[in-house]
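Novice: Below is the file upload_13.txt, which contains compact mmCIF, C-alpha atoms and all ligand atoms.
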# COMPACT_ATOMS: atom_id res chain seq x y z
CA MET Q 13 31.88 29.14 -27.94
CA ALA Q 14 34.48 26.71 -26.61
CA LEU Q 15 34.52 24.96 -29.99
CA LEU Q 16 34.80 28.25 -31.88
CA GLY Q 17 37.59 29.38 -29.52
CA VAL Q 18 39.58 26.18 -30.14
CA LEU Q 19 39.05 26.57 -33.89
CA TRP Q 20 40.00 30.27 -33.86
CA PHE Q 21 43.21 29.92 -31.88
CA GLY Q 22 43.95 26.44 -33.27
CA LEU Q 23 43.79 27.49 -36.92
CA ASP Q 24 45.93 30.49 -36.07
CA ALA Q 25 48.52 28.29 -34.33
CA LEU Q 26 48.34 25.82 -37.24
CA ALA Q 27 49.05 28.62 -39.74
CA ARG Q 28 52.09 29.62 -37.67
CA ASP Q 29 53.17 25.97 -37.51
CA GLU Q 30 52.98 25.95 -33.69
CA LEU Q 31 50.42 23.14 -33.76
CA GLY Q 32 50.09 19.99 -35.92
CA ALA Q 33 46.82 19.21 -37.75
CA PRO Q 34 46.22 15.88 -35.92
CA LEU Q 35 46.59 17.64 -32.57
CA LEU Q 36 44.08 20.32 -33.60
CA VAL Q 37 41.55 17.63 -34.60
CA GLY Q 38 42.21 15.89 -31.28
CA LEU Q 39 41.58 19.13 -29.40
CA LEU Q 40 38.30 19.68 -31.23
CA LEU Q 41 37.14 16.13 -30.49
CA ALA Q 42 38.13 16.46 -26.82
CA CYS Q 43 36.14 19.66 -26.67
CA LEU Q 44 33.06 17.92 -28.15
CA GLY Q 45 33.54 14.94 -25.83
CA SER Q 46 33.61 17.15 -22.76
CA PHE Q 47 30.09 18.40 -23.59
CA GLU Q 48 28.70 14.96 -22.88
CA ALA Q 49 29.97 15.05 -19.31
CA LEU Q 50 29.11 18.72 -18.84
CA SER Q 51 25.53 18.39 -20.08
CA VAL Q 52 24.77 15.96 -17.23
CA ILE Q 53 26.01 18.53 -14.74
CA VAL Q 54 23.96 21.29 -16.40
CA ARG Q 55 20.82 19.13 -16.30
CA SER Q 56 21.45 18.27 -12.65
CA VAL Q 57 21.79 21.92 -11.71
CA ALA Q 58 18.44 22.57 -13.39
CA LYS Q 59 16.87 19.85 -11.21
CA LEU Q 60 18.51 21.09 -8.03
CA GLY Q 61 15.64 23.46 -7.18
CA ALA Q 62 13.00 20.74 -7.49
CA ALA Q 63 15.12 18.30 -5.49
CA ALA Q 64 15.66 20.84 -2.72
CA ALA Q 65 11.91 21.51 -2.51
CA ALA Q 66 11.22 17.75 -2.34
CA ALA Q 67 13.86 17.33 0.37
CA ASP Q 68 12.25 20.13 2.37
CA ARG Q 69 8.88 18.38 2.24
CA LEU Q 70 10.40 15.05 3.25
CA LEU Q 71 12.21 16.71 6.11
CA ALA Q 72 9.01 18.41 7.26
CA LEU Q 73 7.28 15.01 7.26
CA ALA Q 74 10.14 13.28 9.02
CA THR Q 75 10.33 15.86 11.79
CA ALA Q 76 6.58 16.42 12.24
CA PRO Q 77 5.32 15.22 15.61
CA ALA Q 78 3.47 11.88 15.29
CA SER Q 79 -0.29 12.29 15.55
CA ILE Q 80 -0.53 8.91 17.23
CA GLN Q 81 1.59 8.22 20.30
CA ASP Q 82 2.60 4.87 21.76
CA PRO Q 83 1.40 4.41 25.36
CA ALA Q 84 4.01 4.99 28.07
CA VAL Q 85 3.32 1.53 29.46
CA PRO Q 86 2.13 -0.64 26.58
CA VAL Q 87 0.17 -3.81 27.28
CA ALA Q 88 0.97 -7.08 25.49
CA PHE Q 89 -1.13 -7.56 22.38
CA LYS Q 90 -3.52 -10.52 22.44
CA PRO Q 91 -5.28 -11.29 19.14
CA GLY Q 92 -9.04 -11.71 19.15
CA ARG Q 93 -12.25 -10.42 17.65
CA LEU Q 94 -12.35 -6.95 16.15
CA PHE Q 95 -14.81 -4.78 18.00
CA LEU Q 96 -15.79 -1.17 17.40
CA GLU Q 97 -18.03 0.25 20.09
CA ASN Q 98 -20.06 3.38 19.54
CA VAL Q 99 -17.21 5.02 17.64
CA ARG Q 100 -17.31 8.69 16.72
CA PHE Q 101 -14.78 10.39 14.48
CA GLY Q 102 -14.74 13.51 12.32
CA HIS Q 103 -11.84 15.07 10.44
CA ASP Q 104 -13.65 18.17 11.60
CA PRO Q 105 -14.81 17.10 15.09
CA ASP Q 106 -17.97 19.22 14.74
CA HIS Q 107 -19.04 17.20 11.69
CA PRO Q 108 -18.35 13.55 12.50
CA VAL Q 109 -18.02 11.15 9.55
CA LEU Q 110 -18.53 8.15 11.84
CA ASP Q 111 -21.09 8.65 14.56
CA GLY Q 112 -22.17 5.91 16.94
CA LEU Q 113 -20.69 3.21 14.73
CA SER Q 114 -20.48 -0.30 16.15
CA LEU Q 115 -19.12 -3.44 14.52
CA ASP Q 116 -18.28 -6.88 15.85
CA VAL Q 117 -16.15 -9.17 13.68
CA PRO Q 118 -15.48 -12.60 15.18
CA VAL Q 119 -12.08 -14.23 14.52
CA GLY Q 120 -11.93 -15.68 11.01
CA HIS Q 121 -15.05 -13.85 9.91
CA ARG Q 122 -15.14 -11.89 6.65
CA VAL Q 123 -17.10 -8.68 6.63
CA ALA Q 124 -17.67 -6.42 3.65
CA ILE Q 125 -18.36 -2.71 4.06
CA VAL Q 126 -20.08 -0.88 1.22
CA GLY Q 127 -21.28 2.66 0.85
CA PRO Q 128 -21.01 5.72 -1.40
CA SER Q 129 -17.85 7.74 -1.85
CA GLY Q 130 -17.21 10.00 1.13
CA ALA Q 131 -19.30 7.87 3.51
CA GLY Q 132 -16.27 7.30 5.74
CA LYS Q 133 -15.15 3.81 4.72
CA SER Q 134 -11.45 4.67 4.48
CA THR Q 135 -11.72 6.59 7.74
CA LEU Q 136 -13.11 3.43 9.35
CA ALA Q 137 -10.10 1.46 8.00
CA GLU Q 138 -7.76 4.08 9.46
CA LEU Q 139 -9.35 3.67 12.89
CA VAL Q 140 -8.95 -0.12 12.75
CA LEU Q 141 -5.23 0.36 12.03
CA ARG Q 142 -5.06 3.11 14.61
CA LEU Q 143 -3.79 5.62 12.08
CA ARG Q 144 -6.31 7.85 13.86
CA ASP Q 145 -7.84 7.67 17.32
CA PRO Q 146 -11.61 7.77 17.75
CA GLN Q 147 -13.02 10.94 19.32
CA GLY Q 148 -15.64 8.87 21.10
CA GLY Q 149 -16.17 5.17 21.74
CA ARG Q 150 -13.54 2.43 21.53
CA VAL Q 151 -11.76 0.24 19.01
CA LEU Q 152 -10.79 -3.13 20.49
CA ILE Q 153 -9.08 -6.27 19.34
CA GLY Q 154 -9.87 -9.08 21.74
CA ALA Q 155 -10.12 -7.31 25.08
CA THR Q 156 -7.41 -4.81 24.16
CA ASP Q 157 -8.15 -1.18 23.40
CA LEU Q 158 -5.88 -0.22 20.48
CA HIS Q 159 -4.48 2.82 22.25
CA THR Q 160 -2.98 0.66 24.99
CA VAL Q 161 -0.63 -1.31 22.68
CA ARG Q 162 2.48 -0.28 20.80
CA GLN Q 163 1.83 0.56 17.14
CA GLU Q 164 4.56 -1.84 16.08
CA ASP Q 165 2.77 -4.72 17.85
CA LEU Q 166 -0.59 -3.67 16.45
CA HIS Q 167 0.67 -3.54 12.87
CA ARG Q 168 2.03 -7.06 13.15
CA HIS Q 169 -1.55 -8.16 13.82
CA VAL Q 170 -3.50 -5.86 11.51
CA ALA Q 171 -2.46 -5.29 7.89
CA LEU Q 172 -3.91 -2.92 5.31
CA LEU Q 173 -4.10 -3.14 1.56
CA GLY Q 174 -4.96 0.48 0.86
CA GLN Q 175 -6.81 2.19 -1.93
CA SER Q 176 -3.61 3.31 -3.63
CA ALA Q 177 -1.09 0.69 -2.52
CA PRO Q 178 2.01 1.18 -4.68
CA VAL Q 179 4.48 -1.17 -6.31
CA PHE Q 180 7.77 0.28 -5.10
CA ILE Q 181 10.88 0.68 -7.24
CA GLY Q 182 12.98 -2.37 -6.43
CA THR Q 183 12.48 -6.06 -7.11
CA ILE Q 184 9.47 -8.31 -6.64
CA ARG Q 185 11.28 -9.75 -3.64
CA SER Q 186 11.91 -6.34 -2.03
CA ASN Q 187 8.28 -5.38 -2.63
CA LEU Q 188 7.09 -8.48 -0.80
CA LEU Q 189 9.59 -8.41 2.07
CA ILE Q 190 8.14 -5.10 3.30
CA ALA Q 191 5.32 -7.16 4.81
CA ARG Q 192 7.59 -9.71 6.49
CA PRO Q 193 11.34 -9.00 6.28
CA ASP Q 194 12.35 -12.48 7.47
CA ALA Q 195 10.19 -14.41 4.98
CA ASP Q 196 12.03 -17.15 3.07
CA ASP Q 197 11.61 -17.88 -0.65
CA ALA Q 198 9.05 -20.61 -0.01
CA ALA Q 199 6.84 -18.11 1.84
CA LEU Q 200 7.24 -15.54 -0.95
CA TRP Q 201 6.20 -18.07 -3.62
CA GLN Q 202 3.28 -19.21 -1.46
CA ALA Q 203 2.04 -15.62 -1.18
CA LEU Q 204 2.47 -15.09 -4.94
CA ASP Q 205 0.64 -18.35 -5.71
CA ASP Q 206 -2.17 -17.43 -3.31
CA ALA Q 207 -2.49 -14.11 -5.12
CA GLN Q 208 -2.46 -16.01 -8.44
CA LEU Q 209 0.69 -14.25 -9.58
CA GLY Q 210 3.15 -17.13 -9.08
CA ASP Q 211 3.06 -18.32 -12.70
CA VAL Q 212 3.61 -14.81 -14.04
CA VAL Q 213 6.67 -14.33 -11.82
CA ARG Q 214 8.00 -17.81 -12.67
CA SER Q 215 7.89 -16.86 -16.36
CA LEU Q 216 10.13 -13.83 -15.81
CA PRO Q 217 13.84 -14.49 -16.46
CA ASP Q 218 14.90 -13.08 -13.08
CA GLY Q 219 11.95 -14.49 -11.13
CA LEU Q 220 11.73 -12.96 -7.65
CA ASP Q 221 14.66 -10.68 -8.43
CA THR Q 222 12.97 -9.04 -11.41
CA ALA Q 223 13.36 -5.27 -11.15
CA MET Q 224 10.13 -3.34 -10.80
CA GLY Q 225 9.38 0.30 -11.44
CA GLU Q 226 10.70 3.00 -13.72
CA ALA Q 227 13.58 1.11 -15.26
CA GLY Q 228 12.35 -2.41 -14.62
CA HIS Q 229 9.60 -4.75 -15.68
CA SER Q 230 6.16 -3.22 -15.68
CA LEU Q 231 3.12 -5.11 -14.50
CA SER Q 232 -0.44 -4.63 -15.74
CA THR Q 233 -2.80 -2.87 -13.32
CA GLY Q 234 -4.31 -6.22 -12.35
CA GLN Q 235 -0.89 -7.80 -11.81
CA ALA Q 236 0.29 -4.82 -9.74
CA ARG Q 237 -2.80 -5.19 -7.53
CA ARG Q 238 -2.06 -8.91 -7.17
CA LEU Q 239 1.51 -8.13 -6.14
CA CYS Q 240 0.12 -5.82 -3.44
CA LEU Q 241 -2.33 -8.58 -2.45
CA ALA Q 242 0.59 -11.03 -2.17
CA ARG Q 243 2.40 -8.53 0.04
CA THR Q 244 -0.65 -8.26 2.33
CA LEU Q 245 -1.10 -12.05 2.43
CA LEU Q 246 2.57 -12.50 3.36
CA SER Q 247 2.11 -10.34 6.43
CA PRO Q 248 1.70 -12.42 9.58
CA ALA Q 249 -1.37 -10.35 10.54
CA GLY Q 250 -4.52 -12.20 11.58
CA ILE Q 251 -6.72 -9.25 10.66
CA LEU Q 252 -6.56 -8.00 7.07
CA VAL Q 253 -8.18 -4.75 5.97
CA PHE Q 254 -8.75 -4.21 2.25
CA ASP Q 255 -9.76 -0.72 1.15
CA GLU Q 256 -11.16 -0.78 -2.39
CA PRO Q 257 -8.65 -3.42 -3.48
CA THR Q 258 -10.11 -3.64 -6.98
CA SER Q 259 -10.34 0.06 -7.86
CA GLY Q 260 -9.16 0.59 -11.43
CA LEU Q 261 -9.77 -3.00 -12.50
CA ASP Q 262 -12.30 -4.04 -15.14
CA ARG Q 263 -15.32 -6.14 -14.14
CA ALA Q 264 -13.91 -9.55 -15.08
CA THR Q 265 -10.52 -8.93 -13.42
CA GLU Q 266 -12.33 -7.57 -10.37
CA ARG Q 267 -14.47 -10.70 -9.97
CA ALA Q 268 -11.48 -13.01 -10.33
CA PHE Q 269 -9.47 -10.90 -7.88
CA LEU Q 270 -12.22 -10.95 -5.23
CA ALA Q 271 -12.72 -14.70 -5.61
CA ASP Q 272 -8.95 -15.27 -5.20
CA LEU Q 273 -8.87 -12.89 -2.24
CA ALA Q 274 -11.64 -14.85 -0.52
CA ARG Q 275 -9.84 -18.13 -1.13
CA ALA Q 276 -6.45 -16.82 0.00
CA THR Q 277 -7.69 -15.26 3.24
CA GLN Q 278 -9.50 -18.34 4.59
CA GLY Q 279 -9.21 -18.49 8.36
CA ARG Q 280 -8.13 -14.86 8.77
CA THR Q 281 -10.37 -11.99 9.83
CA VAL Q 282 -11.13 -9.78 6.84
CA LEU Q 283 -12.62 -6.31 6.56
CA LEU Q 284 -13.29 -5.75 2.87
CA ILE Q 285 -14.25 -2.23 1.85
CA THR Q 286 -15.52 -2.23 -1.70
CA HIS Q 287 -17.75 -0.74 -4.35
CA ALA Q 288 -17.70 -3.99 -6.28
CA GLU Q 289 -20.51 -6.47 -6.54
CA LEU Q 290 -19.34 -9.35 -4.38
CA PRO Q 291 -19.17 -12.87 -5.77
CA ASP Q 292 -21.06 -15.35 -3.55
CA GLY Q 293 -19.07 -16.54 -0.56
CA THR Q 294 -16.73 -13.54 -0.54
CA ALA Q 295 -18.18 -12.20 2.70
CA ASP Q 296 -20.00 -13.64 5.69
CA ALA Q 297 -21.85 -10.37 6.19
CA ILE Q 298 -22.23 -7.13 4.29
CA TRP Q 299 -22.73 -3.81 6.04
CA ARG Q 300 -23.57 -0.47 4.48
CA LEU Q 301 -22.07 2.68 5.94
CA ARG Q 302 -24.83 5.27 6.10
CA ASP Q 303 -25.01 8.45 8.19
CA GLY Q 304 -21.94 7.41 10.15
CA LYS Q 305 -23.37 4.04 11.16
CA LEU Q 306 -23.38 0.52 9.78
CA VAL Q 307 -26.66 -1.00 8.67
CA PRO Q 308 -26.96 -4.61 7.51
CA GLN Q 309 -27.00 -5.01 3.73
CA ARG Q 310 -27.48 -8.73 3.42
CA ALA Q 311 -25.72 -11.89 4.49
CA SER Q 312 -24.40 -13.95 1.61
CA MET Q 313 -24.37 -16.98 3.89
CA PRO Q 314 -27.19 -18.08 6.22
CA ALA Q 315 -26.54 -17.18 9.88
CA THR Q 316 -26.50 -20.86 10.83
CA ALA Q 317 -23.72 -21.56 8.34
CA VAL Q 318 -21.70 -18.71 9.80
CA SER Q 319 -22.02 -19.97 13.35
CA ALA Q 320 -21.28 -23.53 12.19
CA ARG Q 321 -18.14 -22.27 10.48
CA LEU Q 322 -17.14 -20.29 13.52
CA SER Q 323 -17.57 -23.23 15.85
CA THR Q 324 -15.41 -25.42 13.57
CA MET Q 325 -12.76 -22.73 13.69
CA SER Q 326 -12.78 -22.44 17.44
CA THR Q 327 -12.40 -26.21 17.91
N1 LIG A 401 -7.45 13.72 5.82
C1 LIG A 401 -8.66 14.26 5.74
N2 LIG A 401 -8.89 15.53 6.14
C2 LIG A 401 -10.11 16.08 6.09
N3 LIG A 401 -11.21 15.44 5.64
C3 LIG A 401 -11.07 14.18 5.23
C4 LIG A 401 -9.79 13.52 5.25
N4 LIG A 401 -9.97 12.26 4.79
C5 LIG A 401 -11.26 12.14 4.47
N5 LIG A 401 -11.93 13.29 4.74
C6 LIG A 401 -13.38 13.51 4.55
O1 LIG A 401 -14.06 12.56 5.34
C7 LIG A 401 -15.17 12.02 4.63
C8 LIG A 401 -15.03 10.51 4.54
O2 LIG A 401 -13.92 10.22 3.74
P1 LIG A 401 -13.46 8.73 3.46
O3 LIG A 401 -13.34 8.01 4.74
O4 LIG A 401 -12.25 8.79 2.59
O5 LIG A 401 -14.71 8.15 2.64
P2 LIG A 401 -14.82 6.89 1.68
O6 LIG A 401 -13.60 6.06 1.86
O7 LIG A 401 -16.07 6.21 2.11
O8 LIG A 401 -14.95 7.40 0.30
C9 LIG A 401 -15.21 12.73 3.30
O9 LIG A 401 -16.13 13.78 3.40
C10 LIG A 401 -13.80 13.24 3.14
O10 LIG A 401 -13.82 14.42 2.38
MG MG A 402 -12.12 5.47 0.53
Written as structure tokens, how would this file's structure read?
Ligand SMILES: Nc1ncnc2c1ncn2[C@@H]1O[C@H](COP(=O)(O)OP(=O)(O)O)[C@@H](O)[C@H]1O
Ligand SMILES: [Mg+2]
Specialist:
Amino acid sequence: MALLGVLWFGLDALARDELGAPLLVGLLLACLGSFEALSVIVRSVAKLGAAAAAADRLLALATAPASIQDPAVPVAFKPGRLFLENVRFGHDPDHPVLDGLSLDVPVGHRVAIVGPSGAGKSTLAELVLRLRDPQGGRVLIGATDLHTVRQEDLHRHVALLGQSAPVFIGTIRSNLLIARPDADDAALWQALDDAQLGDVVRSLPDGLDTAMGEAGHSLSTGQARRLCLARTLLSPAGILVFDEPTSGLDRATERAFLADLARATQGRTVLLITHAELPDGTADAIWRLRDGKLVPQRASMPATAVSARLSTMST
């Protein structure tokens, strides 16, 4: 309509010699050019409703009371063995998912937890990170009950690589620094090399500063998982919890990933929740979650070797 209007009045003015032909053409082009700017505004207005709804949800999350509270007088965190004692937890307290569950993981020990979908494996991980509090029993690290320490202190000592850990929009560097904001480049490369992603990143023109996400470089599923693994390895935490770290990977990639994970986490306490068949040496013990409790699956290392390894570590 704007274009037609300019034509209508312009041609009329041209006929009456009030307007020159070049000026009329200029007006028409200016009119067309303005559409480019206007269309962005029109599109933005169309998205306004969706953006407002998203903002409402974010606001609701940001202002919701925290389900987990820091203690009024927190005790200092002392690292040590991970110990769950007779833990009970149910999302519906009348139907506990975990019921009388006990687990003792010595420092530097790697324990795998297997079990069918819905058995409560992720719930167990959430209790170890104190994203939820047990409804019965205790979760301890060393001699410290998790509810007596500040969450911030706890999460410096326990890190999680979750089932759906994302690669965030940003750079490789910004994705890694989430785990340890003060890490220097050497530490970032070490984490990437440990996760067997160093060579891939070195081959990118912008290296650590390569943009990730919608507009940036895209990684394969396996590489994205390795970036998340590198992020977890970079964390200073002595206890690492992996919840289905290989979901979505094919068999061969999964095996390689688990072998690299085992190598890269030497000396740290690991809780590895997985459906995958474990390569030998990945775990010191394997437990199956059944009816809310852990039952031994098998040890991939003889008990004597485990205690020998533990005594070398304590010396
Ligand atoms: N946030 C939640 N609210 C209610 N029920 C949940 C929630 N998370 C998990 N559950 C239920 O708890 C049970 C255990 O879930 P989960 O710990 O995720 O099992 P797994 O990781 O072994 O597949 C399932 O029955 C699941 O439906
Ligand atoms: Mg799960």
Novice: Within 7 Å of ligand LIG 401 (chain A), which residues show up when you count all atoms listed in the file? List them as a list in words, please.
Specialist: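 Going residue by residue within 7 Å of ligand LIG 401 (chain A), we get His103, Asp104, Val109, Gly127, Pro128, Ser129, Gly130, Ala131, Gly132, Lys133, Ser134, Thr135 and Leu136 of chain Q.
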Novice: Nearest to ligand MG 402 (chain A): which of Q:Ala295, Q:Ile285, Q:Leu39, Q:Ala58 is it, counting all atoms listed in the file?
Specialist: Q:Ile285
Novice: Return the single residue from Q:Asp296, Q:Glu256, Q:Glu164, Q:Asp68 that is closest to ligand MG 402 (chain A), with distances computed using only C-alpha atoms and all ligand atoms.
Specialist: Q:Glu256
Novice: Pick the closest to ligand MG 402 (chain A) from Q:Asp157, Q:Asp194, Q:Glu138, Q:Asp211: which is it, counting all atoms listed in the file?
Specialist: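 Checking each of Q:Asp157, Q:Asp194, Q:Glu138, Q:Asp211 against ligand MG 402 (chain A), counting all atoms listed in the file, the winner is Q:Glu138.
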Novice: Closest to ligand MG 402 (chain A) among Q:Val57, Q:Ala49, Q:Leu239, Q:Val126, using only C-alpha atoms and all ligand atoms?
Specialist: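 Smallest distance to ligand MG 402 (chain A) is found for Q:Val126.
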Novice: From the options Q:Ile184, Q:Cys240, Q:Leu173, Q:Val87, which residue's atoms come nearest to ligand MG 402 (chain A), counting only C-alpha atoms and all ligand atoms?
Specialist: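 That would be Q:Leu173, the residue with the smallest distance to ligand MG 402 (chain A).
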Novice: Could you check which of Q:Thr160, Q:Gln147, Q:Thr286, Q:Ser51 is closest to Lys90 (chain Q), using only C-alpha atoms?
Specialist: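 Between Q:Thr160, Q:Gln147, Q:Thr286, Q:Ser51, the residue approaching Lys90 (chain Q) most closely is Q:Thr160.
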Novice: Interatomic distance between CA of Gly149 (chain Q) and CA of Gly120 (chain Q)?
Specialist: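 Interatomic distance here is 23.8 Å.
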Novice: Excluding His229 (chain Q) and residues on its chain fewer than 3 positions from it, collect all residues at most 10 Å away from it, counting all atoms listed in the file, and give them as a list in words.
Specialist: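 Residues meeting the cut-off are Thr183, Ile184, Leu216, Thr222, Ala223, Met224, Gly225 and Glu226 of chain Q.
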Novice: Please identify all polymer residues within 10 Å of Arg162 (chain Q), counting all atoms listed in the file, omitting same-chain residues fewer than 5 positions from it, and present them as a compact mmCIF listing (two decimals) with C-alpha atoms, in the coordinates of the input.
Specialist:
# COMPACT_ATOMS: atom_id res chain seq x y z
CA GLN Q 81 1.59 8.22 20.30
CA ASP Q 82 2.60 4.87 21.76
CA PRO Q 83 1.40 4.41 25.36
CA ALA Q 84 4.01 4.99 28.07
CA VAL Q 85 3.32 1.53 29.46
CA PRO Q 86 2.13 -0.64 26.58
CA VAL Q 87 0.17 -3.81 27.28
CA ALA Q 88 0.97 -7.08 25.49
CA PHE Q 89 -1.13 -7.56 22.38
CA HIS Q 167 0.67 -3.54 12.87
Novice: Please report the interatomic distance between CA of Ala207 (chain Q) and CA of Leu252 (chain Q) in Å with one decimal.
Specialist: 14.2 Å
Novice: State, in Å with one decimal place, the distance from CA of Asp196 (chain Q) to CA of Ala242 (chain Q).
Specialist: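 These two atoms are separated by 14.0 Å.
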